[in-house]
>>> print(open('data03.txt').read())   # compact mmCIF, C-alpha atoms
# COMPACT_ATOMS: atom_id res chain seq x y z
CA MET A 1 62.68 103.39 71.76
CA GLU A 2 65.74 102.19 73.49
CA ILE A 3 65.86 102.31 77.24
CA ASP A 4 68.79 101.29 79.34
CA GLU A 5 67.26 98.56 81.53
CA ARG A 6 69.70 99.14 84.33
CA THR A 7 69.44 102.89 84.73
CA GLN A 8 65.99 103.38 83.20
CA ARG A 9 67.52 106.17 81.17
CA ILE A 10 66.65 106.99 77.63
CA SER A 11 69.31 106.32 75.02
CA ALA A 12 70.80 109.17 73.05
CA ASP A 13 69.70 107.70 69.72
CA SER A 14 65.98 107.53 70.43
CA ILE A 15 65.68 111.15 71.51
CA ARG A 16 68.02 112.68 68.94
CA GLY A 17 65.32 114.35 66.86
CA TYR A 18 63.91 116.17 69.87
CA THR A 19 66.98 117.91 71.26
CA ASP A 20 65.88 121.10 69.48
CA ILE A 21 62.46 121.12 71.20
CA ILE A 22 64.10 120.47 74.56
CA VAL A 23 66.59 123.33 74.23
CA LEU A 24 64.04 125.81 72.85
CA TYR A 25 61.58 124.96 75.64
CA LEU A 26 64.17 125.66 78.29
CA ILE A 27 65.20 129.09 76.97
CA ARG A 28 61.75 130.25 75.80
CA GLU A 29 61.27 132.43 78.91
CA LYS A 30 64.80 133.61 79.63
CA PRO A 31 68.27 133.07 78.21
CA ASP A 32 70.46 130.43 79.78
CA TYR A 33 73.97 128.96 79.43
CA GLY A 34 75.29 125.52 78.52
CA TYR A 35 75.72 123.69 81.80
CA SER A 36 72.59 125.18 83.33
CA ILE A 37 70.55 123.96 80.35
CA SER A 38 72.12 120.51 80.62
CA LYS A 39 71.29 120.37 84.32
CA ARG A 40 67.69 121.46 83.73
CA ILE A 41 67.28 118.76 81.08
CA ARG A 42 68.26 116.17 83.65
CA LEU A 43 65.94 117.64 86.31
CA THR A 44 62.96 118.21 84.02
CA SER A 45 63.27 114.66 82.66
CA ALA A 46 63.35 113.33 86.24
CA GLN A 47 66.94 112.07 85.75
CA LYS A 48 65.86 109.95 82.78
CA TYR A 49 67.85 111.90 80.21
CA ALA A 50 71.43 113.01 80.75
CA ILE A 51 72.42 114.86 77.59
CA LYS A 52 76.03 114.56 76.42
CA GLU A 53 78.02 117.79 76.14
CA THR A 54 78.73 117.23 72.47
CA THR A 55 75.03 116.57 71.69
CA LEU A 56 74.01 119.78 73.44
CA TYR A 57 76.71 121.87 71.80
CA SER A 58 75.83 120.51 68.37
CA ALA A 59 72.17 121.50 69.02
CA PHE A 60 73.30 125.04 69.95
CA THR A 61 75.34 125.51 66.77
CA ARG A 62 72.64 123.99 64.57
CA LEU A 63 69.87 126.15 66.06
CA GLU A 64 72.03 129.26 65.85
CA LYS A 65 72.97 128.60 62.23
CA ASN A 66 69.27 128.34 61.37
CA GLY A 67 68.54 131.59 63.20
CA PHE A 68 66.39 129.99 65.92
CA ILE A 69 68.60 131.10 68.78
CA GLU A 70 71.25 133.79 69.37
CA SER A 71 74.29 133.55 71.59
CA PHE A 72 75.93 136.26 73.68
CA ASP A 73 78.69 136.40 76.27
CA GLY A 74 77.67 136.27 79.88
CA THR A 75 79.12 135.60 83.29
CA ILE A 76 82.69 134.47 83.78
CA SER A 77 83.24 131.03 85.25
CA GLU A 78 86.38 129.12 86.13
CA GLY A 79 86.38 127.45 82.72
CA GLY A 80 86.07 130.75 80.84
CA ARG A 81 83.27 133.09 79.82
CA ARG A 82 79.90 131.38 79.68
CA THR A 83 77.93 131.71 76.46
CA TYR A 84 74.23 132.42 76.93
CA TYR A 85 71.58 131.44 74.41
CA ARG A 86 68.40 133.39 73.72
CA ILE A 87 65.43 132.28 71.56
CA THR A 88 64.52 134.36 68.46
CA ASP A 89 61.06 134.94 66.97
CA ALA A 90 61.88 132.44 64.23
CA GLY A 91 62.87 130.06 67.04
CA ARG A 92 59.44 130.46 68.69
CA ASP A 93 57.69 129.68 65.40
CA TYR A 94 59.95 126.66 64.89
CA TYR A 95 59.24 125.49 68.45
CA ARG A 96 55.47 125.65 67.89
CA THR A 97 55.82 123.73 64.62
CA LYS A 98 57.94 121.05 66.29
CA CYS A 99 55.37 120.75 69.12
CA ARG A 100 52.55 120.21 66.63
CA GLU A 101 54.70 117.68 64.84
CA TRP A 102 55.38 115.80 68.08
CA ARG A 103 51.69 115.75 69.11
CA LEU A 104 50.80 114.28 65.74
CA THR A 105 53.63 111.72 65.92
CA LYS A 106 52.60 110.76 69.43
CA GLU A 107 48.95 110.44 68.42
CA VAL A 108 49.82 108.22 65.47
CA VAL A 109 52.32 106.03 67.27
CA ASP A 110 50.06 105.69 70.33
CA ASN A 111 47.60 103.77 68.16
CA PHE A 112 50.18 101.03 67.85
CA ILE A 113 51.22 100.74 71.47
CA ALA A 114 49.76 97.61 73.03
CA ALA A 115 48.06 98.17 76.38
CA THR A 116 49.70 95.16 78.00
CA ASP A 117 53.47 95.24 78.38
CA MET B 1 90.46 121.24 86.35
CA GLU B 2 93.74 120.80 84.48
CA GLU B 3 92.65 117.23 83.80
CA ILE B 4 89.55 118.36 81.92
CA LYS B 5 91.64 120.73 79.86
CA SER B 6 94.19 118.10 78.96
CA TYR B 7 91.41 115.60 78.21
CA LEU B 8 89.89 118.08 75.77
CA ASP B 9 93.31 118.89 74.30
CA LYS B 10 93.77 115.21 73.62
CA MET B 11 90.32 114.88 72.07
CA PHE B 12 91.06 117.82 69.79
CA THR B 13 94.59 116.70 68.90
CA GLY B 14 95.08 116.65 65.16
CA LEU B 15 92.15 118.94 64.36
CA PRO B 16 92.88 122.21 62.58
CA MET B 17 92.32 125.08 65.01
CA THR B 18 89.76 127.03 63.03
CA ASP B 19 87.60 129.65 64.77
CA LYS B 20 84.72 127.19 64.95
CA VAL B 21 86.88 124.49 66.49
CA ARG B 22 88.38 126.91 69.00
CA LYS B 23 84.93 128.13 69.99
CA ALA B 24 83.57 124.59 70.35
CA LYS B 25 86.52 123.60 72.50
CA SER B 26 86.22 126.59 74.81
CA GLU B 27 82.44 126.19 75.16
CA LEU B 28 82.78 122.48 75.92
CA LEU B 29 85.47 123.32 78.49
CA THR B 30 83.15 125.83 80.18
CA MET B 31 80.29 123.33 80.34
CA MET B 32 82.51 120.54 81.65
CA THR B 33 84.15 122.79 84.24
CA ASP B 34 80.74 123.98 85.49
CA LYS B 35 79.61 120.39 85.82
CA TYR B 36 82.83 119.36 87.58
CA ARG B 37 82.52 122.25 90.07
CA GLU B 38 78.96 121.29 90.89
CA LEU B 39 79.75 117.59 91.35
CA ILE B 40 82.55 118.54 93.73
CA ALA B 41 80.16 120.87 95.59
CA GLU B 42 77.75 117.93 95.90
CA GLY B 43 80.49 116.06 97.75
CA LYS B 44 81.84 113.83 94.98
CA SER B 45 85.56 113.02 95.06
CA GLU B 46 87.78 114.52 92.36
CA ASN B 47 88.10 111.12 90.69
CA GLU B 48 84.36 110.49 90.65
CA ALA B 49 83.61 113.98 89.36
CA LEU B 50 86.20 113.71 86.60
CA GLY B 51 84.93 110.24 85.68
CA THR B 52 81.36 111.50 85.35
CA VAL B 53 82.36 114.57 83.34
CA ILE B 54 84.39 112.48 80.90
CA MET B 55 81.75 109.76 80.67
CA GLU B 56 79.08 112.32 79.80
CA PHE B 57 81.26 114.24 77.36
CA GLY B 58 79.93 112.37 74.33
CA ASN B 59 81.57 111.97 70.99
CA LEU B 60 83.30 114.53 68.78
CA ASN B 61 81.82 112.83 65.70
CA GLU B 62 78.55 114.49 66.64
CA LEU B 63 80.12 117.89 66.00
CA SER B 64 81.72 117.04 62.69
CA ASP B 65 79.00 118.65 60.55
CA GLU B 66 78.74 121.77 62.70
CA LEU B 67 82.49 122.24 62.67
CA GLY B 68 82.78 121.49 58.97
CA LEU B 69 85.40 118.88 59.77
CA THR B 70 83.80 115.56 58.87
CA GLU B 71 86.96 114.25 57.23
CA GLU B 72 89.39 115.61 59.81
CA ILE B 73 87.45 114.28 62.78
CA ARG B 74 87.10 110.88 61.25
CA SER B 75 90.79 110.59 60.48
CA ALA B 76 91.81 111.95 63.89
CA GLU B 77 89.50 109.42 65.54
CA GLU B 78 91.04 106.66 63.49
CA GLN B 79 94.59 107.64 64.39
CA THR B 80 93.86 108.04 68.06
CA VAL B 81 94.58 105.01 70.15
CA VAL B 82 92.23 104.72 73.10
CA LEU B 83 93.91 103.15 76.12
CA THR B 84 91.80 101.15 78.54
CA ARG B 85 92.47 100.50 82.20
CA ALA B 86 94.09 97.18 81.26
CA ASP B 87 96.46 99.02 78.87
CA ALA B 88 97.35 101.62 81.48
CA GLU B 89 98.03 98.86 83.99
CA ALA B 90 100.17 96.84 81.54
CA TYR B 91 102.21 99.92 80.65
CA ARG B 92 102.74 100.74 84.30
CA ARG B 93 103.94 97.24 85.17
CA ALA B 94 106.19 96.97 82.15
CA ASN B 95 107.64 100.41 82.84
CA HIS B 96 108.24 99.48 86.48
CA LYS B 97 110.21 96.41 85.43
CA TYR B 98 112.09 98.42 82.84
CA GLY B 99 113.15 100.99 85.45
CA LEU B 100 114.24 98.28 87.85
CA LEU B 101 116.40 96.43 85.31
CA PHE B 102 117.85 99.66 83.96
CA GLY B 103 118.81 100.71 87.49
CA ILE B 104 120.41 97.34 88.25
CA GLY B 105 122.29 97.37 84.92
CA ALA B 106 123.75 100.80 85.66
CA ALA B 107 124.70 99.71 89.21
CA LEU B 108 126.56 96.73 87.76
CA PHE B 109 128.68 99.08 85.64
CA ILE B 110 129.62 101.10 88.66
CA LEU B 111 130.40 98.01 90.73
CA SER B 112 132.47 96.42 87.96
CA PRO B 113 135.94 97.54 89.19
CA ILE B 114 135.43 96.24 92.76
CA GLN B 115 136.98 92.82 92.25
CA LEU B 116 139.86 94.39 90.33
CA ILE B 117 140.53 96.79 93.20
CA VAL B 118 140.40 94.00 95.78
CA ASN B 119 142.65 91.80 93.71
CA GLY B 120 145.06 94.66 93.13
CA PHE B 121 145.32 94.86 96.88
CA LEU B 122 145.81 91.09 97.23
CA GLY B 123 148.36 91.10 94.41
CA SER B 124 150.43 93.75 96.16
CA TRP B 125 151.31 91.23 98.87
CA ASP B 126 154.62 89.59 98.74
CA VAL B 127 153.69 86.76 96.41
CA ALA B 128 155.19 85.08 93.41
CA PRO B 129 154.93 87.18 90.19
CA ILE B 130 152.98 84.40 88.46
CA LEU B 131 150.43 84.49 91.27
CA GLN B 132 150.28 88.27 91.00
CA SER B 133 149.38 88.20 87.35
CA LEU B 134 146.87 85.44 88.04
CA ILE B 135 145.19 87.56 90.70
CA PHE B 136 145.15 90.57 88.40
CA THR B 137 143.69 88.52 85.54
CA ALA B 138 140.96 87.21 87.82
CA GLY B 139 140.08 90.75 88.91
CA PHE B 140 140.08 91.98 85.34
CA SER B 141 137.85 89.07 84.27
CA ALA B 142 135.40 90.00 87.04
CA LEU B 143 135.34 93.56 85.73
CA LEU B 144 134.53 92.38 82.22
CA ILE B 145 131.87 90.00 83.53
CA PHE B 146 130.16 92.84 85.42
CA ILE B 147 130.27 95.10 82.37
CA ALA B 148 129.00 92.30 80.14
CA ALA B 149 126.20 91.52 82.58
CA GLY B 150 125.25 95.20 82.85
CA THR B 151 125.34 95.67 79.07
CA GLY B 152 123.43 92.44 78.49
CA LEU B 153 120.78 93.49 81.00
CA ILE B 154 120.37 96.92 79.46
CA ILE B 155 120.23 95.57 75.91
CA TYR B 156 117.74 92.86 76.91
CA ASN B 157 115.74 95.55 78.69
CA GLU B 158 115.69 97.79 75.60
CA THR B 159 114.19 94.96 73.55
CA GLN B 160 111.51 94.43 76.22
CA LYS B 161 110.88 98.13 76.58
CA PRO B 162 107.24 99.01 77.00
CA LYS B 163 105.98 100.91 74.04
CA LEU B 164 105.86 104.13 76.06
CA ARG B 165 108.28 105.64 73.60
CA ASP B 166 106.02 104.73 70.67
CA LEU B 167 103.09 106.10 72.58
CA LYS B 168 104.83 109.47 72.82
CA LYS B 169 104.86 109.70 69.08
CA SER B 170 101.25 108.71 68.48
CA LEU B 171 97.89 110.24 69.19
CA PHE B 172 96.35 108.56 72.15
CA ARG B 173 93.96 109.23 74.93
CA LEU B 174 92.87 107.39 78.04
CA ASP B 175 89.32 106.26 78.58
CA ALA B 176 87.68 107.25 81.86
CA GLU B 177 88.72 104.10 83.73
CA ALA B 178 92.30 104.27 82.49
CA LEU B 179 92.51 107.90 83.59
CA ALA B 180 91.17 106.99 87.03
CA TYR B 181 93.77 104.20 87.26
CA VAL B 182 96.64 106.54 86.42
CA ARG B 183 95.42 109.17 88.90
CA GLU B 184 95.03 106.52 91.58
CA HIS B 185 98.74 105.67 91.43
CA GLN B 186 100.21 109.02 90.52
CA ALA B 187 100.31 110.90 93.82
CA ALA B 188 101.77 108.03 95.86
CA GLU B 189 104.31 106.95 93.28
CA GLU B 190 105.53 110.43 92.47
CA ARG B 191 106.00 111.04 96.17
CA ARG B 192 107.95 107.77 96.48
CA ASN B 193 110.09 108.66 93.45
CA THR B 194 110.93 112.06 94.90
CA LEU B 195 111.91 110.42 98.18
CA LEU B 196 114.13 107.91 96.37
CA THR B 197 115.83 110.68 94.42
CA VAL B 198 116.41 112.78 97.51
CA ALA B 199 117.76 109.75 99.38
CA ALA B 200 120.10 108.95 96.48
CA ILE B 201 121.43 112.51 96.31
CA ALA B 202 121.91 112.56 100.09
CA SER B 203 123.80 109.28 99.85
CA PHE B 204 126.14 110.85 97.25
CA ILE B 205 127.01 113.49 99.78
CA PHE B 206 127.57 110.84 102.45
CA ALA B 207 129.73 108.92 99.99
CA ALA B 208 132.50 111.34 100.95
CA ILE B 209 132.52 109.97 104.50
CA PRO B 210 134.31 106.62 103.92
CA PRO B 211 137.39 108.17 102.23
CA ILE B 212 137.56 110.88 104.90
CA ALA B 213 137.25 108.26 107.64
CA ALA B 214 139.88 106.16 105.88
CA GLY B 215 142.22 109.15 105.83
CA ILE B 216 141.82 109.45 109.59
CA PHE B 217 142.07 105.80 110.54
CA ALA B 218 144.57 104.52 107.98
CA ARG B 219 147.53 105.69 110.05
CA THR B 220 148.33 102.57 111.94
CA GLY B 221 151.70 102.35 110.30
CA ALA B 222 150.99 98.76 109.28
CA HIS B 223 150.85 98.82 105.48
CA PHE B 224 148.50 95.92 105.30
CA ILE B 225 145.89 97.48 107.61
CA ASP B 226 146.19 100.96 106.10
CA ASP B 227 145.78 99.57 102.60
CA ALA B 228 142.82 97.45 103.67
CA ILE B 229 141.10 100.49 105.17
CA GLY B 230 141.73 102.42 101.97
CA ILE B 231 140.34 99.62 99.83
CA PHE B 232 137.24 99.28 102.00
CA SER B 233 136.54 102.99 101.75
CA VAL B 234 136.74 102.85 97.95
CA ILE B 235 134.40 99.86 97.87
CA ALA B 236 131.98 101.65 100.20
CA VAL B 237 131.94 104.67 97.88
CA LEU B 238 131.29 102.48 94.85
CA LEU B 239 128.45 100.66 96.64
CA ILE B 240 126.81 103.91 97.74
CA VAL B 241 127.14 105.46 94.27
CA ALA B 242 125.88 102.29 92.58
CA VAL B 243 122.76 102.12 94.77
CA GLY B 244 122.18 105.86 94.41
CA VAL B 245 122.47 105.84 90.62
CA GLY B 246 120.21 102.77 90.44
CA LEU B 247 117.57 104.51 92.55
CA ILE B 248 117.71 107.74 90.57
CA ILE B 249 117.32 105.85 87.30
CA PHE B 250 114.41 103.82 88.65
CA ALA B 251 112.66 106.92 90.00
CA SER B 252 113.07 108.86 86.79
CA VAL B 253 111.79 105.97 84.63
CA SER B 254 108.85 105.53 86.97
CA ASN B 255 107.98 109.24 86.75
CA ASP B 256 108.21 109.05 83.00
CA TYR B 257 105.11 106.87 82.95
CA PHE B 258 103.00 109.61 84.51
CA LYS B 259 104.59 112.26 82.33
CA VAL B 260 103.59 110.37 79.22
CA MET B 261 100.14 109.40 80.42
CA ARG B 262 99.15 112.77 81.78
CA LYS B 263 100.81 115.35 79.66
CA GLU B 264 98.98 116.70 76.72
CA ARG B 265 101.32 115.91 73.96
CA ALA B 266 101.06 116.44 70.27
CA ALA B 267 102.57 113.80 68.05
CA TYR B 268 106.36 114.23 68.00
CA LYS B 269 107.69 115.22 64.62
CA PRO B 270 111.47 115.62 64.54
CA THR B 271 112.87 118.35 62.28
CA ARG B 272 115.98 117.81 60.19
CA LEU B 273 118.11 119.53 62.85
CA ASP B 274 116.55 117.30 65.53
CA ARG B 275 117.48 114.20 63.59
CA LYS B 276 121.03 115.40 62.95
CA VAL B 277 121.76 116.39 66.54
CA ASN B 278 120.14 113.27 67.98
CA GLY B 279 122.15 111.16 65.54
CA ILE B 280 125.44 112.79 66.56
CA ILE B 281 124.72 112.46 70.27
CA GLY B 282 123.61 108.87 69.78
CA SER B 283 126.88 107.99 68.03
CA ILE B 284 128.99 109.70 70.70
CA TRP B 285 127.25 107.62 73.36
CA ALA B 286 127.60 104.43 71.34
CA LEU B 287 131.38 104.98 71.17
CA THR B 288 131.76 105.88 74.82
CA THR B 289 131.80 102.42 76.39
CA PRO B 290 134.30 100.91 73.93
CA ALA B 291 136.44 104.03 74.28
CA TYR B 292 136.25 103.73 78.07
CA LEU B 293 137.40 100.11 77.96
CA ILE B 294 140.19 100.69 75.44
CA ILE B 295 141.59 103.75 77.21
CA SER B 296 141.37 102.06 80.59
CA ILE B 297 143.07 98.89 79.43
CA LEU B 298 145.85 100.85 77.74
CA THR B 299 146.49 103.28 80.58
CA ARG B 300 145.36 101.07 83.48
CA ALA B 301 144.13 104.27 85.06
CA TRP B 302 140.78 102.79 86.10
CA ALA B 303 140.54 105.21 88.97
CA VAL B 304 140.30 108.14 86.56
CA THR B 305 138.91 106.86 83.28
CA TRP B 306 135.30 106.57 84.43
CA ILE B 307 135.30 110.37 84.19
CA ILE B 308 134.56 109.83 80.50
CA PHE B 309 130.88 109.08 81.31
CA PRO B 310 129.99 112.30 83.13
CA LEU B 311 132.17 114.10 80.58
CA VAL B 312 130.19 112.74 77.64
CA ALA B 313 126.94 113.51 79.48
CA ALA B 314 128.11 117.11 79.94
CA VAL B 315 129.17 117.41 76.29
CA SER B 316 125.83 116.11 75.06
CA SER B 317 123.97 118.54 77.35
CA ILE B 318 126.04 121.38 75.96
CA ILE B 319 125.24 120.29 72.40
CA ARG B 320 121.53 120.09 73.25
CA ILE B 321 121.47 123.46 74.98
CA SER B 322 123.40 125.24 72.23
CA THR B 323 121.27 123.76 69.41
CA GLY B 324 117.99 123.83 71.32
CA VAL B 325 117.29 120.20 70.39
CA LYS B 326 115.60 118.31 73.20
CA ASP B 327 116.00 114.66 73.97
CA PRO B 328 113.03 112.94 72.27
CA ASP B 329 112.45 111.01 75.50
CA ASP B 330 111.90 114.22 77.42
CA ILE B 331 109.44 115.85 75.09
>>> encode(input="data03.txt", output="C-alpha cells")
Amino acid sequence: MEIDERTQRISADSIRGYTDIIVLYLIREKPDYGYSISKRIRLTSAQKYAIKETTLYSAFTRLEKNGFIESFDGTISEGGRRTYYRITDAGRDYYRTKCREWRLTKEVVDNFIAATD
Amino acid sequence: MEEIKSYLDKMFTGLPMTDKVRKAKSELLTMMTDKYRELIAEGKSENEALGTVIMEFGNLNELSDELGLTEEIRSAEEQTVVLTRADAEAYRRANHKYGLLFGIGAALFILSPIQLIVNGFLGSWDVAPILQSLIFTAGFSALLIFIAAGTGLIIYNETQKPKLRDLKKSLFRLDAEALAYVREHQAAEERRNTLLTVAAIASFIFAAIPPIAAGIFARTGAHFIDDAIGIFSVIAVLLIVAVGVGLIIFASVSNDYFKVMRKERAAYKPTRLDRKVNGIIGSIWALTTPAYLIISILTRAWAVTWIIFPLVAAVSSIIRISTGVKDPDDI
C-alpha cells in the first residue's frame, strides 16, 4: 500500500483493482453521473481517495463493455449532456463476487499485518 | 470553461476522432466542467479551480485500452512536449526581449533619413560646393549606419528568436503550473498591449500636427527660419512614427506569446500552395530593402521612396487574401 505521507491520501496504484467495487457500490441503489460519483468517492472515503477523471471514465467503459452497467443520457450541464450509469443484474452478481473476494483478501493479508507500526 | 476545453483539445491532439474518442472527450469535459463549477461555487478562484481540475484529470494512457488506441496514445504522448512553469517563463522573457529589439530595429529604419534631411538643410546654406558635398556625404553615411544598425539588430534578433515559432508547429501542452503562470500575466499584459497600440495609432493621427503647424508658422519670410521650421516638423513626424511603429510591433509580438500558449492549435502542416505563396511573398520582402536603397540612391527621392514598404505590405496582403494562404506566424 502506498500512502502519500503529506496528504494521507491513498495512491492511485494501490487501489486500482477496486475501482469497480467502488463504482458499483455507489450506483447500486440509484443511477448517477460522472462528477457526482467522483464527488461521492471523495466523501465516502473521508477525503482519502480523490479519483482521477481518466481512471473513473476507464472504469465506466470497462464495466459497460462487460455488461455490468448501462449508460443513458440525463440532465444537461454547462459542459454538455451528463451521462448516467445504472447497475445491471450481472453487475450486482459481479459486485457480490468482488465483495467476497475482497473479504477473503483482507482476511488473508490481515494475518501478516504486524500489530505495532 | 474555455480553458478546460482547450486543455482537453490539447490532450487529444493527434488522436484519431473515432466515436469512442469523441465520447470519451465529451464525457471527460462534462465531468471536469461539473467539478470546476462546484469549486467556483465553493469560493475557489478561477486559477485555483482550473489548477485542481487539471491536476486531478489523470493520464490518457489509462484510457488507451478502452479507446482501442494504445499505439496512437503512446505516440501522441511521445510527440507532445510538456511545458513547465520555467519553460513558460523563459519563453515569455525571450519573447519580450525579441519584441523590444524588433521594435527598436524598425524605429531605426524610420529614423534613418533624419541626419540626411538635417544635412540637406545645412548644405543649402551659402557654403563652398566641396563643403556641401561633404555635408551630404555625412548625412548619407548616417542614413546607411542607421539602416545597417536596424538590419543588424533585426538579423541578430532573428537568430536569438525564442522557439515560439517552432512551438507553433509541434504538439505541446502546458502543465498546471505553466498554465497558471500564463494566465497570471495574460490579462494585465494584453491590456497593456492594447493601450500601447491605441496610443501608437493616436500618435499617428497627431503626427499630422507638426506639418500643419509648420505650414502656419513658416511664413516669417526669412528663408532660414522657414526652412528650419519645415525641417523640424519633418523630424517630429519621423520621431512620432518611429515610436508608434516600435510600440505596435512590441505589442503585437507580446500578444503573440499568449496566442501561442493559449490557443488550441493543431500541428501546422503547410500545403504545396502554402509553401509556394509563402516562398513568393518571402522573396518579394527580401528584395524590398535593396530595391528601396537602389531606387532611392538613383532618384534621390527619399521623401517618396519609403512608400515601397507599405506598398509591398499591401501587395502581399492582396496575394494572401486572393489565395487564402495565411501567414504561418498568424495561424
>>> residues_around(input="data03.txt", residues="A:Leu24", least_positions_apart="3", cutoff="10 Å", atoms="all atoms listed in the file", output="CSV table (one decimal) with C-alpha atoms, in the coordinates of the input")
chain,number,residue,atom,x,y,z
A,19,THR,CA,67.0,117.9,71.3
A,20,ASP,CA,65.9,121.1,69.5
A,21,ILE,CA,62.5,121.1,71.2
A,27,ILE,CA,65.2,129.1,77.0
A,28,ARG,CA,61.8,130.2,75.8
A,29,GLU,CA,61.3,132.4,78.9
A,31,PRO,CA,68.3,133.1,78.2
A,59,ALA,CA,72.2,121.5,69.0
A,60,PHE,CA,73.3,125.0,70.0
A,63,LEU,CA,69.9,126.2,66.1
A,68,PHE,CA,66.4,130.0,65.9
A,69,ILE,CA,68.6,131.1,68.8
A,85,TYR,CA,71.6,131.4,74.4
A,86,ARG,CA,68.4,133.4,73.7
A,87,ILE,CA,65.4,132.3,71.6
A,88,THR,CA,64.5,134.4,68.5
A,91,GLY,CA,62.9,130.1,67.0
A,92,ARG,CA,59.4,130.5,68.7
A,94,TYR,CA,60.0,126.7,64.9
A,95,TYR,CA,59.2,125.5,68.4
A,96,ARG,CA,55.5,125.6,67.9
>>> closest_residue(input="data03.txt", among="B:Ala180, B:Thr30, B:Ile229, B:Val312", to="A:Thr75", atoms="all atoms listed in the file")
B:Thr30
>>> interface_residues(input="data03.txt", of="chain A", to="chain B", cutoff="10 Å", atoms="all atoms listed in the file", output="JSON, numbers by chain")
{"A": [12, 33, 34, 35, 36, 37, 38, 39, 50, 51, 52, 53, 54, 55, 56, 57, 58, 59, 60, 61, 62, 65, 76, 77, 78, 79, 80, 81, 82, 83]}
>>> residues_around(input="data03.txt", residues="B:Trp285", least_positions_apart="6", cutoff="9 Å", atoms="all atoms listed in the file", output="MDAnalysis selection string")
chainID B and resid 309 312:313 316
>>> atom_distance(input="data03.txt", atom1="atom CA of B:Phe258", atom2="atom CA of B:Gly14")
22.1 Å
>>> atom_distance(input="data03.txt", atom1="atom CA of B:Ile201", atom2="atom CA of B:Leu311")
19.1 Å
>>> atom_distance(input="data03.txt", atom1="atom CA of B:Leu153", atom2="atom CA of B:Phe109")
10.7 Å
>>> closest_residue(input="data03.txt", among="B:Val277, B:Ser45, B:Ile155, B:Leu287", to="B:Gly324", atoms="all atoms listed in the file")
B:Val277
>>> residues_around(input="data03.txt", residues="stretch 81-83 of chain B", least_positions_apart="4", cutoff="6 Å", atoms="all atoms listed in the file", output="list in words")
Asp87, Phe172, Arg173 and Leu174 of chain B
>>> closest_residue(input="data03.txt", among="B:Met261, B:Ser254, B:Thr80, B:Ser296", to="B:Met11", atoms="only C-alpha atoms")
B:Thr80
>>> closest_residue(input="data03.txt", among="B:Ala251, B:Pro16, B:Arg272, B:Lys326", to="B:Arg191", atoms="all atoms listed in the file")
B:Ala251
